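S.K.: For reference, the file final_16.cif (mmCIF, C-alpha atoms and all ligand atoms) is included below:
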```cif
data_my_file
loop_
_atom_site.label_atom_id
_atom_site.label_comp_id
_atom_site.auth_asym_id
_atom_site.auth_seq_id
_atom_site.Cartn_x
_atom_site.Cartn_y
_atom_site.Cartn_z
CA MET A 14 267.57 174.82 30.89
CA ILE A 15 264.26 175.62 32.54
CA LYS A 16 261.33 173.66 31.11
CA VAL A 17 257.72 174.51 31.75
CA ASN A 18 255.24 171.72 30.98
CA SER A 19 251.46 172.17 30.63
CA LEU A 20 251.61 174.84 33.29
CA LYS A 21 248.37 176.20 34.75
CA LYS A 22 247.77 178.67 37.53
CA TYR A 23 244.15 179.29 38.41
CA TYR A 24 242.93 181.65 41.11
CA LYS A 25 239.54 180.94 42.67
CA MET A 26 237.76 184.18 43.54
CA GLY A 27 234.45 183.07 45.07
CA GLU A 28 232.38 181.73 42.17
CA VAL A 29 234.84 182.91 39.55
CA THR A 30 238.03 181.17 38.46
CA VAL A 31 240.74 183.39 37.00
CA LYS A 32 242.90 181.39 34.60
CA ALA A 33 246.06 183.49 35.01
CA ILE A 34 248.23 180.85 33.27
CA ASP A 35 246.33 178.41 31.14
CA GLY A 36 248.48 175.61 29.74
CA ILE A 37 251.95 176.84 28.88
CA ASP A 38 254.85 174.83 27.44
CA LEU A 39 258.16 176.62 27.27
CA GLU A 40 261.92 176.05 27.24
CA ILE A 41 264.31 178.68 28.52
CA GLU A 42 267.86 178.00 27.49
CA GLU A 43 271.04 179.35 29.02
CA ASN A 44 272.85 182.41 27.72
CA LYS A 45 269.80 184.03 26.04
CA VAL A 46 268.05 187.38 26.19
CA ILE A 47 264.31 186.77 26.03
CA SER A 48 261.44 189.23 26.16
CA LEU A 49 258.08 188.30 27.66
CA MET A 50 255.37 190.60 26.39
CA GLY A 51 251.63 190.90 26.65
CA LYS A 52 248.96 193.28 27.83
CA SER A 53 248.34 194.02 31.48
CA GLY A 54 246.60 191.02 33.06
CA SER A 55 247.84 188.56 30.43
CA GLY A 56 249.70 186.51 33.06
CA LYS A 57 253.29 187.73 32.67
CA SER A 58 254.02 188.18 36.39
CA THR A 59 252.26 184.92 37.26
CA LEU A 60 254.41 183.03 34.74
CA LEU A 61 257.58 184.67 36.04
CA HIS A 62 256.66 183.75 39.63
CA GLN A 63 256.26 180.13 38.53
CA ILE A 64 259.56 180.03 36.66
CA GLY A 65 261.28 181.80 39.57
CA LEU A 66 259.89 179.29 42.09
CA LEU A 67 258.14 182.05 44.04
CA ASP A 68 254.82 180.24 43.69
CA ARG A 69 253.46 176.80 42.81
CA PRO A 70 251.19 175.96 39.88
CA THR A 71 247.65 174.57 39.97
CA SER A 72 248.93 171.86 37.61
CA GLY A 73 251.86 171.21 35.31
CA LYS A 74 255.58 171.17 35.96
CA VAL A 75 258.62 173.39 36.27
CA ILE A 76 261.82 171.46 35.52
CA ILE A 77 265.16 173.10 36.23
CA ASP A 78 268.29 171.55 34.74
CA GLY A 79 266.48 168.23 34.44
CA VAL A 80 265.07 168.22 37.97
CA ASP A 81 261.31 168.52 38.47
CA VAL A 82 261.10 170.97 41.37
CA THR A 83 257.32 171.53 41.21
CA HIS A 84 256.54 169.46 44.28
CA GLU A 85 259.80 169.74 46.18
CA LYS A 86 259.71 171.11 49.72
CA ASP A 87 259.90 174.89 50.21
CA THR A 88 263.43 174.65 51.64
CA LYS A 89 264.71 172.79 48.59
CA ARG A 90 262.96 175.17 46.20
CA SER A 91 264.39 178.20 48.05
CA LYS A 92 267.89 176.77 47.79
CA LYS A 93 267.50 176.12 44.04
CA ARG A 94 266.20 179.66 43.64
CA LEU A 95 269.11 181.18 45.55
CA GLU A 96 271.62 179.14 43.55
CA LEU A 97 270.23 179.46 40.05
CA ILE A 98 267.79 182.36 39.74
CA GLY A 99 268.11 186.09 40.29
CA TYR A 100 264.95 188.20 40.43
CA VAL A 101 264.54 191.88 39.58
CA PHE A 102 261.26 193.59 40.45
CA GLN A 103 259.57 196.67 39.03
CA GLU A 104 259.72 198.38 42.44
CA TYR A 105 263.38 197.40 43.05
CA ALA A 106 262.41 195.72 46.38
CA LEU A 107 265.61 196.76 48.20
CA LEU A 108 265.61 196.61 51.99
CA PRO A 109 265.45 200.29 53.03
CA GLU A 110 267.58 200.00 56.17
CA LEU A 111 270.47 198.22 54.43
CA THR A 112 273.18 199.92 52.36
CA ALA A 113 273.57 199.16 48.65
CA LEU A 114 276.44 196.80 49.47
CA GLU A 115 274.46 194.96 52.18
CA ASN A 116 271.44 194.62 49.89
CA VAL A 117 273.64 193.07 47.21
CA TYR A 118 275.44 190.59 49.44
CA LEU A 119 272.47 189.45 51.55
CA PRO A 120 271.41 186.55 49.25
CA GLY A 121 275.11 185.57 49.04
CA MET A 122 275.35 185.44 52.82
CA MET A 123 272.11 183.42 52.96
CA LEU A 124 273.32 180.81 50.47
CA ASP A 125 276.85 180.43 51.82
CA PRO A 126 277.94 182.49 54.84
CA LYS A 127 281.52 181.21 54.42
CA SER A 128 281.86 182.47 50.85
CA ASP A 129 283.49 185.78 49.86
CA TYR A 130 280.10 187.39 49.25
CA LYS A 131 281.34 190.84 50.25
CA ASN A 132 284.05 190.95 47.59
CA ARG A 133 281.65 189.57 45.00
CA ALA A 134 279.15 192.31 45.90
CA ILE A 135 281.79 195.05 45.58
CA ARG A 136 282.83 193.71 42.18
CA LEU A 137 279.21 193.54 40.98
CA LEU A 138 278.47 197.09 42.14
CA GLU A 139 281.50 198.21 40.14
CA GLN A 140 280.24 196.28 37.10
CA VAL A 141 276.86 198.04 37.23
CA GLY A 142 278.58 201.41 37.60
CA LEU A 143 277.97 201.99 41.31
CA GLY A 144 281.44 201.38 42.69
CA LYS A 145 281.38 204.68 44.58
CA ARG A 146 277.88 204.26 45.97
CA TYR A 147 278.04 201.10 48.00
CA LYS A 148 277.63 202.79 51.38
CA HIS A 149 274.47 204.62 50.30
CA LEU A 150 271.02 203.67 51.52
CA PRO A 151 268.36 203.03 48.83
CA LYS A 152 266.64 206.35 49.62
CA GLU A 153 269.90 208.15 48.80
CA LEU A 154 269.93 206.66 45.29
CA SER A 155 267.91 207.49 42.17
CA GLY A 156 265.39 204.98 40.80
CA GLY A 157 267.79 203.89 38.09
CA GLU A 158 270.62 203.46 40.60
CA GLN A 159 268.37 201.43 42.93
CA GLN A 160 267.46 199.17 40.03
CA ARG A 161 271.16 198.68 39.23
CA VAL A 162 271.69 197.67 42.88
CA ALA A 163 268.81 195.19 42.42
CA ILE A 164 270.51 193.79 39.30
CA ALA A 165 273.79 193.37 41.21
CA ARG A 166 271.85 191.62 44.00
CA ALA A 167 270.21 189.29 41.46
CA LEU A 168 273.69 188.25 40.27
CA ILE A 169 275.40 187.73 43.64
CA ASN A 170 275.15 183.92 43.55
CA GLU A 171 276.18 183.66 39.90
CA PRO A 172 272.78 182.46 38.74
CA ASN A 173 272.09 180.94 35.34
CA TYR A 174 268.91 182.98 34.95
CA VAL A 175 267.83 186.51 35.80
CA LEU A 176 264.09 187.14 35.73
CA ALA A 177 263.18 190.81 35.51
CA ASP A 178 259.52 191.82 35.90
CA GLU A 179 259.02 195.17 34.14
CA PRO A 180 262.39 196.39 35.45
CA THR A 181 262.11 199.77 33.74
CA ALA A 182 258.41 200.54 34.25
CA ASN A 183 259.12 203.09 37.01
CA LEU A 184 261.99 204.81 35.22
CA ASP A 185 262.44 207.64 32.73
CA SER A 186 263.59 206.72 29.23
CA ILE A 187 267.30 207.42 29.80
CA SER A 188 267.43 205.35 33.02
CA SER A 189 265.38 202.64 31.29
CA GLU A 190 267.87 202.35 28.49
CA ASN A 191 270.69 202.27 31.02
CA ILE A 192 269.01 199.39 32.91
CA MET A 193 268.43 197.38 29.75
CA GLU A 194 272.04 198.00 28.65
CA THR A 195 273.21 196.85 32.09
CA LEU A 196 271.21 193.63 31.78
CA LEU A 197 272.57 193.01 28.26
CA LYS A 198 276.13 193.68 29.47
CA MET A 199 275.68 191.08 32.20
CA ASN A 200 274.42 188.58 29.63
CA LYS A 201 277.52 189.23 27.49
CA GLU A 202 280.02 189.24 30.36
CA ILE A 203 278.74 186.33 32.45
CA GLY A 204 276.51 184.50 30.01
CA VAL A 205 273.49 184.66 32.32
CA THR A 206 270.09 184.27 30.63
CA ILE A 207 267.96 187.39 30.92
CA LEU A 208 264.18 186.90 30.77
CA PHE A 209 262.55 190.29 31.03
CA VAL A 210 258.92 191.35 31.07
CA SER A 211 257.79 194.47 29.29
CA HIS A 212 254.64 195.84 27.77
CA ASP A 213 256.57 198.27 25.58
CA PRO A 214 256.92 196.85 22.02
CA ASP A 215 260.03 199.01 21.64
CA ASP A 216 261.88 196.82 24.17
CA LYS A 217 261.76 193.95 21.69
CA LYS A 218 265.05 195.24 20.27
CA TYR A 219 266.94 194.15 23.38
CA ALA A 220 266.00 190.48 23.01
CA THR A 221 266.82 187.76 20.51
CA GLN A 222 263.90 185.55 21.52
CA HIS A 223 260.35 186.70 22.14
CA ILE A 224 257.49 185.22 24.12
CA TYR A 225 253.98 186.65 23.88
CA LEU A 226 251.18 186.00 26.31
CA LYS A 227 247.47 186.56 25.88
CA ASP A 228 244.90 185.47 28.45
CA GLY A 229 247.40 183.12 30.07
CA LYS A 230 248.34 181.39 26.81
CA LEU A 231 251.31 181.71 24.47
CA VAL A 232 250.39 183.35 21.19
CA GLU A 233 252.15 184.28 17.97
CA PRO A 234 253.81 187.71 17.96
CA TYR A 235 251.15 190.33 17.43
CA PHE A 236 253.42 193.33 16.83
P1 LIG B 1 250.40 190.71 34.13
O1 LIG B 1 251.66 190.62 34.91
O2 LIG B 1 250.53 190.27 32.70
O3 LIG B 1 249.78 192.07 34.21
P2 LIG B 1 249.34 188.94 36.16
O4 LIG B 1 250.13 187.69 36.03
O5 LIG B 1 249.67 189.85 37.27
O6 LIG B 1 249.33 189.70 34.76
O7 LIG B 1 247.80 188.55 36.33
C1 LIG B 1 247.13 187.65 35.44
C2 LIG B 1 245.69 187.50 35.90
O8 LIG B 1 245.64 186.82 37.15
C3 LIG B 1 244.97 188.81 36.13
O9 LIG B 1 243.62 188.65 35.76
C4 LIG B 1 245.10 189.03 37.62
O10 LIG B 1 244.05 189.80 38.12
C5 LIG B 1 245.04 187.60 38.14
N1 LIG B 1 245.79 187.42 39.40
C6 LIG B 1 247.12 187.56 39.56
N2 LIG B 1 247.50 187.29 40.82
C7 LIG B 1 246.34 186.98 41.49
C8 LIG B 1 246.05 186.60 42.84
N3 LIG B 1 247.01 186.48 43.76
N4 LIG B 1 244.76 186.34 43.15
C9 LIG B 1 243.79 186.43 42.22
N5 LIG B 1 244.00 186.77 40.94
C10 LIG B 1 245.26 187.05 40.56
MG MG B 2 252.79 192.04 35.92
#
```
Could you show the structure in this file as structure tokens?

M.R.:
Amino acid sequence: MIKVNSLKKYYKMGEVTVKAIDGIDLEIEENKVISLMGKSGSGKSTLLHQIGLLDRPTSGKVIIDGVDVTHEKDTKRSKKRLELIGYVFQEYALLPELTALENVYLPGMMLDPKSDYKNRAIRLLEQVGLGKRYKHLPKELSGGEQQRVAIARALINEPNYVLADEPTANLDSISSENIMETLLKMNKEIGVTILFVSHDPDDKKYATQHIYLKDGKLVEPYF
């Protein structure tokens, strides 16, 4: 479980303080599909960065499987992230000079160069329906295919959690549905928790638990 306690993230912009996250308490259990919704600027990406250990809070705690990692050294936080958390970005964030296969196995190689990361990557690409595309470069793939490569990459180290920040925002409706179905399939097949951000109320249907943000605070569902 990931626990977030009294979490705040403030940005100082000259005289002004932006309260991007303003006192959040949250528990994210394993094997769930959770939507994180809210208007643009409500703090969704900031919260995801905190949960995904990509950034540190102004105050409060992030506790992963009982361990408070808020103030751990960068190296320890990176290792926890590689082991437990997969991240999927709106813009796919694949390395352009690496093939689909290399993109997928890179975090596996980083965590454990002696492991069979290559075979795991091939299997994952097959699972996301790209078994025949693993030698392609990102630019040779459609947006939806690139995002499926990014999902395979997020799963290479068998994480307990996949955090997806507006994973379908750049895609047409058919590719979007395909990406959401792929994420749900991974939840069913490997039991990984999927926490996805969306600002489309329609995407609620994919999740069984819903989190709503407004001005950096959790609020009751408003749609
Ligand atoms: P969302 O993902 O819901 O659109 P964000 O988490 O990106 O919202 O941003 C929440 C608020 O924090 C916004 O007002 C945004 O401008 C501000 N913000 C986010 N990142 C930074 C930053 N690095 N520096 C200053 N302000 C930021
Ligand atoms: Mg955002």

S.K.: So, counting all atoms listed in the file, which residue among A:Met14, A:Leu67, A:Val175, A:Val210 is closest to ligand MG 2 (chain B)?

M.R.: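 When distances to ligand MG 2 (chain B) are compared using all atoms listed in the file, the smallest one comes from A:Val210.
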
S.K.: Using all atoms listed in the file, which of the listed residues (A:Lys57, A:Arg94, A:Arg166, A:Lys148) sits closest to Ala33 of chain A?

M.R.: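 Among A:Lys57, A:Arg94, A:Arg166, A:Lys148, it is A:Lys57 that comes nearest to Ala33 of chain A.
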
S.K.: Return as JSON the centre and edge lengths, in Å with one decimal, of the box along x, y and z that encloses every atom of segment 108-117 of chain A in the file, padded by 5 Å per side.

M.R.:
```
{"center_x": 270.9, "center_y": 196.7, "center_z": 51.7, "size_x": 21.0, "size_y": 17.2, "size_z": 19.0}
```

S.K.: Hey, which residues sit close to ligand LIG 1 (chain B)? Say within 9 Å, counting all atoms listed in the file, and write them as a count of residues only.

M.R.: 31

S.K.: With distances taken over all atoms listed in the file, which of A:Ala134, A:Leu108, A:Ala163, A:Ile64 is nearest to Leu39 of chain A?

M.R.: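 Checking each candidate against Leu39 of chain A, we get A:Ile64 as the closest.
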
S.K.: Identify which of the residues A:Ala106, A:Ala167, A:Val117, A:Val101 lies closest to Pro180 of chain A, counting all atoms listed in the file when measuring atom-to-atom distances.

M.R.: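 Smallest distance to Pro180 of chain A is found for A:Val101.
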
S.K.: May I have the residues within 12 Å of Ser186 of chain A as a PDB file with C-alpha atoms, keeping the file's coordinate frame, using only C-alpha atoms and disregarding those fewer than 3 positions away in the same chain?

M.R.:
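Generated file (result_26.pdb):
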```
ATOM      1  CA  GLY A 156     265.390 204.980  40.800  1.00  0.00           C
ATOM      2  CA  GLY A 157     267.790 203.890  38.090  1.00  0.00           C
ATOM      3  CA  THR A 181     262.110 199.770  33.740  1.00  0.00           C
ATOM      4  CA  ALA A 182     258.410 200.540  34.250  1.00  0.00           C
ATOM      5  CA  ASN A 183     259.120 203.090  37.010  1.00  0.00           C
ATOM      6  CA  SER A 189     265.380 202.640  31.290  1.00  0.00           C
ATOM      7  CA  GLU A 190     267.870 202.350  28.490  1.00  0.00           C
ATOM      8  CA  ASN A 191     270.690 202.270  31.020  1.00  0.00           C
ATOM      9  CA  ILE A 192     269.010 199.390  32.910  1.00  0.00           C
ATOM     10  CA  MET A 193     268.430 197.380  29.750  1.00  0.00           C
ATOM     11  CA  ASP A 213     256.570 198.270  25.580  1.00  0.00           C
ATOM     12  CA  ASP A 215     260.030 199.010  21.640  1.00  0.00           C
ATOM     13  CA  ASP A 216     261.880 196.820  24.170  1.00  0.00           C
TER      14      ASP A 216
END
```
